[in-house]
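Have a look at input_9.cif below; it lists mmCIF, C-alpha atoms, pLDDT in the B column; chains and numbers go by the auth columns.
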data_structure
loop_
_atom_site.group_PDB
_atom_site.id
_atom_site.type_symbol
_atom_site.label_atom_id
_atom_site.label_comp_id
_atom_site.label_asym_id
_atom_site.label_seq_id
_atom_site.Cartn_x
_atom_site.Cartn_y
_atom_site.Cartn_z
_atom_site.B_iso_or_equiv
_atom_site.auth_seq_id
_atom_site.auth_asym_id
ATOM 1 C CA MET A 1 -18.912 -92.298 105.586 59.00 8 A
ATOM 2 C CA GLY A 2 -18.960 -90.326 108.836 60.00 9 A
ATOM 3 C CA ARG A 3 -17.226 -86.965 109.224 65.00 10 A
ATOM 4 C CA LYS A 4 -16.079 -85.141 106.146 62.00 11 A
ATOM 5 C CA ARG A 5 -13.931 -82.026 106.405 58.00 12 A
ATOM 6 C CA PHE A 6 -11.733 -79.954 104.208 56.00 13 A
ATOM 7 C CA THR A 7 -9.219 -77.445 105.394 52.00 14 A
ATOM 8 C CA HIS A 8 -6.552 -75.129 104.086 46.00 15 A
ATOM 9 C CA THR A 9 -3.158 -76.360 105.109 44.00 16 A
ATOM 10 C CA LYS A 10 0.058 -74.718 106.168 46.00 17 A
ATOM 11 C CA GLY A 11 2.382 -74.584 103.177 45.00 18 A
ATOM 12 C CA SER A 12 2.805 -77.410 100.725 46.00 19 A
ATOM 13 C CA THR A 13 3.454 -80.217 103.166 52.00 20 A
ATOM 14 C CA TYR A 14 0.436 -82.267 102.142 52.00 21 A
ATOM 15 C CA GLY A 15 -0.267 -84.006 98.867 55.00 22 A
ATOM 16 C CA GLY A 16 -3.703 -84.386 97.427 61.00 23 A
ATOM 17 C CA ILE A 17 -5.834 -84.304 94.335 69.00 24 A
ATOM 18 C CA VAL A 18 -4.020 -82.458 91.541 76.00 25 A
ATOM 19 C CA LEU A 19 -6.196 -81.335 88.649 81.00 26 A
ATOM 20 C CA GLU A 20 -5.491 -79.901 85.236 85.00 27 A
ATOM 21 C CA LYS A 21 -7.445 -76.828 84.205 87.00 28 A
ATOM 22 C CA GLU A 22 -9.687 -78.922 81.919 88.00 29 A
ATOM 23 C CA MET A 23 -10.897 -80.892 84.956 88.00 30 A
ATOM 24 C CA LEU A 24 -12.098 -77.767 86.767 87.00 31 A
ATOM 25 C CA ARG A 25 -15.618 -78.104 85.425 90.00 32 A
ATOM 26 C CA VAL A 26 -18.535 -79.218 87.586 89.00 33 A
ATOM 27 C CA ASP A 27 -19.348 -82.317 85.496 91.00 34 A
ATOM 28 C CA LYS A 28 -15.734 -83.517 85.378 92.00 35 A
ATOM 29 C CA PHE A 29 -14.981 -82.742 89.010 89.00 36 A
ATOM 30 C CA ARG A 30 -18.166 -84.566 90.033 90.00 37 A
ATOM 31 C CA CYS A 31 -16.876 -87.727 88.312 92.00 38 A
ATOM 32 C CA ILE A 32 -13.541 -87.423 90.116 90.00 39 A
ATOM 33 C CA TYR A 33 -15.302 -86.790 93.422 88.00 40 A
ATOM 34 C CA ASP A 34 -17.678 -89.746 92.951 92.00 41 A
ATOM 35 C CA ALA A 35 -14.751 -92.082 92.191 92.00 42 A
ATOM 36 C CA PHE A 36 -12.895 -90.740 95.242 88.00 43 A
ATOM 37 C CA GLU A 37 -15.916 -91.239 97.554 89.00 44 A
ATOM 38 C CA THR A 38 -16.504 -94.756 96.159 92.00 45 A
ATOM 39 C CA TYR A 39 -12.892 -95.683 96.819 89.00 46 A
ATOM 40 C CA LEU A 40 -13.021 -94.357 100.388 86.00 47 A
ATOM 41 C CA LYS A 41 -16.202 -96.316 101.127 88.00 48 A
ATOM 42 C CA GLN A 42 -14.817 -99.517 99.574 91.00 49 A
ATOM 43 C CA GLN A 43 -11.694 -99.192 101.717 88.00 50 A
ATOM 44 C CA GLY A 44 -13.779 -98.762 104.863 88.00 51 A
ATOM 45 C CA PHE A 45 -12.766 -95.219 105.744 85.00 52 A
ATOM 46 C CA GLN A 46 -14.907 -93.637 108.450 83.00 53 A
ATOM 47 C CA GLU A 47 -13.536 -90.107 108.129 82.00 54 A
ATOM 48 C CA CYS A 48 -11.942 -88.017 105.407 82.00 55 A
ATOM 49 C CA ILE A 49 -9.998 -84.805 105.910 79.00 56 A
ATOM 50 C CA LEU A 50 -8.907 -83.090 102.700 80.00 57 A
ATOM 51 C CA LYS A 51 -6.271 -80.397 102.968 77.00 58 A
ATOM 52 C CA LEU A 52 -6.285 -77.982 100.070 78.00 59 A
ATOM 53 C CA THR A 53 -3.062 -76.432 98.878 75.00 60 A
ATOM 54 C CA MET A 54 -2.664 -72.755 99.679 72.00 61 A
ATOM 55 C CA GLU A 55 -3.688 -70.473 96.810 74.00 62 A
ATOM 56 C CA LEU A 56 -0.132 -69.141 96.392 70.00 63 A
ATOM 57 C CA LEU A 57 0.992 -72.529 95.070 71.00 64 A
ATOM 58 C CA CYS A 58 -2.019 -73.150 92.793 77.00 65 A
ATOM 59 C CA GLN A 59 -2.068 -72.338 89.104 80.00 66 A
ATOM 60 C CA TYR A 60 -5.867 -72.144 89.055 82.00 67 A
ATOM 61 C CA PRO A 61 -8.441 -70.941 91.587 83.00 68 A
ATOM 62 C CA GLN A 62 -9.886 -73.627 93.877 84.00 69 A
ATOM 63 C CA GLU A 63 -13.367 -72.114 94.150 87.00 70 A
ATOM 64 C CA LEU A 64 -15.051 -74.987 92.275 88.00 71 A
ATOM 65 C CA ILE A 65 -13.397 -77.576 94.509 87.00 72 A
ATOM 66 C CA LYS A 66 -14.362 -75.673 97.669 87.00 73 A
ATOM 67 C CA PHE A 67 -17.926 -75.221 96.432 89.00 74 A
ATOM 68 C CA TYR A 68 -18.368 -78.858 95.455 88.00 75 A
ATOM 69 C CA LEU A 69 -16.904 -80.204 98.681 87.00 76 A
ATOM 70 C CA SER A 70 -19.241 -77.958 100.654 88.00 77 A
ATOM 71 C CA TYR A 71 -22.184 -79.087 98.491 88.00 78 A
ATOM 72 C CA ALA A 72 -21.189 -82.731 99.082 87.00 79 A
ATOM 73 C CA GLY A 73 -21.374 -82.300 102.852 87.00 80 A
ATOM 74 C CA TYR A 74 -17.771 -81.539 103.724 86.00 81 A
ATOM 75 C CA LYS A 75 -17.367 -79.057 106.546 83.00 82 A
ATOM 76 C CA GLU A 76 -14.686 -76.409 105.998 81.00 83 A
ATOM 77 C CA ILE A 77 -12.147 -75.967 108.777 77.00 84 A
ATOM 78 C CA LYS A 78 -9.889 -72.931 108.491 72.00 85 A
ATOM 79 C CA GLU A 79 -6.338 -72.837 109.781 66.00 86 A
ATOM 80 C CA LEU A 80 -4.115 -69.813 110.079 60.00 87 A
ATOM 81 C CA ASN A 81 -1.978 -69.722 106.982 59.00 88 A
ATOM 82 C CA VAL A 82 0.294 -66.777 106.363 61.00 89 A
ATOM 83 C CA TYR A 83 2.630 -65.937 103.559 64.00 90 A
ATOM 84 C CA ILE A 84 4.107 -62.643 102.486 66.00 91 A
ATOM 85 C CA ASP A 85 3.821 -61.433 98.912 68.00 92 A
ATOM 86 C CA TYR A 86 6.922 -59.273 98.717 66.00 93 A
ATOM 87 C CA ARG A 87 5.772 -57.797 95.400 70.00 94 A
ATOM 88 C CA LYS A 88 3.252 -55.773 97.418 71.00 95 A
ATOM 89 C CA TYR A 89 5.844 -54.496 99.886 69.00 96 A
ATOM 90 C CA ASN A 90 7.271 -51.012 99.729 68.00 97 A
ATOM 91 C CA ASN A 91 10.697 -50.976 98.109 71.00 98 A
ATOM 92 C CA ASP A 92 12.095 -49.896 101.452 75.00 99 A
ATOM 93 C CA VAL A 93 11.366 -53.234 103.153 71.00 100 A
ATOM 94 C CA LEU A 94 12.153 -51.909 106.627 76.00 101 A
ATOM 95 C CA SER A 95 9.339 -49.348 106.352 80.00 102 A
ATOM 96 C CA ASN A 96 6.903 -52.296 106.446 78.00 103 A
ATOM 97 C CA PHE A 97 8.120 -53.472 109.876 81.00 104 A
ATOM 98 C CA SER A 98 7.283 -52.458 113.433 86.00 105 A
ATOM 99 C CA LYS A 99 9.807 -50.428 115.442 89.00 106 A
ATOM 100 C CA MET A 100 11.006 -53.523 117.362 90.00 107 A
ATOM 101 C CA LYS A 101 11.450 -55.562 114.186 87.00 108 A
ATOM 102 C CA LYS A 102 13.349 -52.695 112.535 87.00 109 A
ATOM 103 C CA ARG A 103 15.722 -52.608 115.510 90.00 110 A
ATOM 104 C CA ASN A 104 16.262 -56.386 115.291 88.00 111 A
ATOM 105 C CA VAL A 105 16.900 -56.188 111.540 85.00 112 A
ATOM 106 C CA ARG A 106 19.424 -53.373 112.001 86.00 113 A
ATOM 107 C CA LYS A 107 21.260 -55.425 114.648 90.00 114 A
ATOM 108 C CA CYS A 108 21.391 -58.382 112.265 87.00 115 A
ATOM 109 C CA ILE A 109 22.725 -56.210 109.435 87.00 116 A
ATOM 110 C CA GLU A 110 25.365 -54.744 111.754 92.00 117 A
ATOM 111 C CA ALA A 111 26.385 -58.318 112.607 91.00 118 A
ATOM 112 C CA GLY A 112 26.902 -59.018 108.888 89.00 119 A
ATOM 113 C CA MET A 113 23.671 -60.858 108.094 84.00 120 A
ATOM 114 C CA GLN A 114 21.854 -60.403 104.786 82.00 121 A
ATOM 115 C CA LEU A 115 18.199 -60.582 103.814 74.00 122 A
ATOM 116 C CA ARG A 116 18.003 -62.044 100.320 81.00 123 A
ATOM 117 C CA GLU A 117 16.664 -64.985 98.368 83.00 124 A
ATOM 118 C CA LEU A 118 18.729 -68.156 98.631 87.00 125 A
ATOM 119 C CA GLN A 119 20.232 -68.816 95.213 86.00 126 A
ATOM 120 C CA SER A 120 22.023 -72.152 95.246 91.00 127 A
ATOM 121 C CA GLU A 121 21.417 -75.610 96.651 93.00 128 A
ATOM 122 C CA LYS A 122 24.463 -75.082 98.874 95.00 129 A
ATOM 123 C CA GLU A 123 22.886 -71.936 100.369 93.00 130 A
ATOM 124 C CA ILE A 124 19.641 -73.822 100.996 94.00 131 A
ATOM 125 C CA GLU A 125 21.573 -76.618 102.724 96.00 132 A
ATOM 126 C CA ARG A 126 23.421 -74.101 104.921 94.00 133 A
ATOM 127 C CA PHE A 127 20.165 -72.290 105.798 93.00 134 A
ATOM 128 C CA HIS A 128 18.594 -75.630 106.737 95.00 135 A
ATOM 129 C CA GLN A 129 21.529 -76.404 109.050 95.00 136 A
ATOM 130 C CA VAL A 130 21.160 -73.044 110.838 92.00 137 A
ATOM 131 C CA LEU A 131 17.372 -73.442 111.045 92.00 138 A
ATOM 132 C CA SER A 132 17.691 -76.981 112.431 93.00 139 A
ATOM 133 C CA LYS A 133 20.152 -75.824 115.072 94.00 140 A
ATOM 134 C CA ASN A 134 17.863 -72.950 116.130 91.00 141 A
ATOM 135 C CA LEU A 135 14.791 -75.200 116.337 90.00 142 A
ATOM 136 C CA ARG A 136 16.504 -77.718 118.639 91.00 143 A
ATOM 137 C CA LYS A 137 15.916 -75.409 121.606 90.00 144 A
ATOM 138 C CA TYR A 138 12.185 -75.883 120.955 86.00 145 A
ATOM 139 C CA ASP A 139 12.647 -79.656 120.602 88.00 146 A
ATOM 140 C CA THR A 140 11.465 -79.618 117.004 87.00 147 A
ATOM 141 C CA VAL A 141 12.802 -79.888 113.457 88.00 148 A
ATOM 142 C CA PRO A 142 12.111 -78.016 110.206 89.00 149 A
ATOM 143 C CA VAL A 143 8.869 -78.980 108.477 85.00 150 A
ATOM 144 C CA HIS A 144 10.655 -79.558 105.172 89.00 151 A
ATOM 145 C CA THR A 145 13.846 -81.399 104.303 92.00 152 A
ATOM 146 C CA VAL A 146 16.612 -79.805 102.257 94.00 153 A
ATOM 147 C CA SER A 147 15.566 -81.791 99.184 93.00 154 A
ATOM 148 C CA GLU A 148 11.934 -80.661 99.579 90.00 155 A
ATOM 149 C CA MET A 149 13.035 -77.018 99.799 90.00 156 A
ATOM 150 C CA ILE A 150 15.188 -77.397 96.691 92.00 157 A
ATOM 151 C CA ASP A 151 12.327 -79.134 94.877 89.00 158 A
ATOM 152 C CA LEU A 152 9.911 -76.320 95.769 85.00 159 A
ATOM 153 C CA LYS A 153 12.399 -73.709 94.575 86.00 160 A
ATOM 154 C CA ARG A 154 12.711 -75.594 91.271 86.00 161 A
ATOM 155 C CA ARG A 155 8.919 -75.878 90.906 81.00 162 A
ATOM 156 C CA LEU A 156 8.574 -72.134 91.394 78.00 163 A
ATOM 157 C CA GLY A 157 11.177 -71.616 88.670 74.00 164 A
ATOM 158 C CA LYS A 158 13.770 -70.168 90.996 65.00 165 A
ATOM 159 C CA VAL A 159 16.658 -72.651 90.452 58.00 166 A
#

How would this structure read if it were set down as structure tokens?
Amino acid sequence: MGRKRFTHTKGSTYGGIVLEKEMLRVDKFRCIYDAFETYLKQQGFQECILKLTMELLCQYPQELIKFYLSYAGYKEIKELNVYIDYRKYNNDVLSNFSKMKKRNVRKCIEAGMQLRELQSEKEIERFHQVLSKNLRKYDTVPVHTVSEMIDLKRRLGKV
């Protein structure tokens, strides 16, 4: 097979190989990898790009997978991937922001907006409607559907 790459992807948009903790051993992962490579070759693939799930959404570290893919000749491509771990923020959230962002937040609060976690499916649906409307001016749509956002919230134990 020609080019082989693996990359870290933005969010959880992509599916891929999902492994249980017991499979995160070199000998077991090698068997999975060999079967995967054999399948790709049999199907006539000329290129393979694997996109690893961001660490935030993984139960176990991906170091073995990254190491083995590199060992097997995959080239790692890095993409900008940002998430905010609010547990590490100061309790006074505004103190974490720049002056301009603080001003924008204060204006939003004065207009009656709230910064909080969405609790219900109805709130997620409403947020998606507002987001969709705002993205139209950029001729784009949200990356995730309402049902995907609800599913992710459930998977993270938040609904």

Next on the checklist: My list of candidates is A:Ala42, A:Tyr81, A:Ile72, A:Asp158. Which is closest to Glu54 of chain A when distances are computed with only C-alpha atoms?
Outcome noted: A:Tyr81

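The space separating atom CA of Phe43 of chain A from atom CA of Tyr75 of chain A comes to 13.1 Å.
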
Item to check | Residues in the PyMOL selection byres ((chain A and resi 65) around 12), expressed as a list in words | outcome: Gly18, Ser19, Ile24, Val25, Leu26, Glu27, Lys28, Leu59, Thr60, Met61, Glu62, Leu63, Leu64, Gln66, Tyr67, Pro68, Gln69, Glu70, Arg162 and Leu163 of chain A

Work out where the centre of an axis-aligned box around every listed atom of segment 141-149 of chain A lies and how long its edges are once 3 Å is added on each side; give both in Å to one decimal as JSON.
{"center_x": 14.7, "center_y": -76.4, "center_z": 115.9, "size_x": 12.4, "size_y": 12.9, "size_z": 17.4}

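Picked out by the PyMOL selection byres ((chain A and resi 125) around 12) when it runs on this file: Gln121, Leu122, Arg123, Glu124, Gln126, Ser127, Glu128, Lys129, Glu130, Ile131, Glu132, Arg133, Phe134, His135, Met156, Ile157, Lys160, Lys165 and Val166 of chain A.
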
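Using only C-alpha atoms, the contacts of Asn111 of chain A at a cut-off of 12 Å, with sequence neighbours closer than 6 positions omitted, comprise A:Leu101, A:Phe104, A:Ser105, A:Glu117, A:Ala118, A:Met120.
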
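Minimum atom-to-atom distance to Val137 of chain A, evaluated using only C-alpha atoms, belongs to A:Val153 out of A:Val33, A:Leu47, A:Cys38, A:Val153.
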
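As for atom CA of Thr45 of chain A and atom CA of Ser77 of chain A, they are spaced 17.6 Å apart.
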
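Proximity ranking of A:Val150, A:Leu71, A:Cys55, A:Leu138 relative to Asp34 of chain A places A:Leu71 first, based on only C-alpha atoms.
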
Checklist outcome for this item: One decimal place gives the atom CA of Lys85 of chain A-atom CA of Lys35 of chain A separation as 26.1 Å
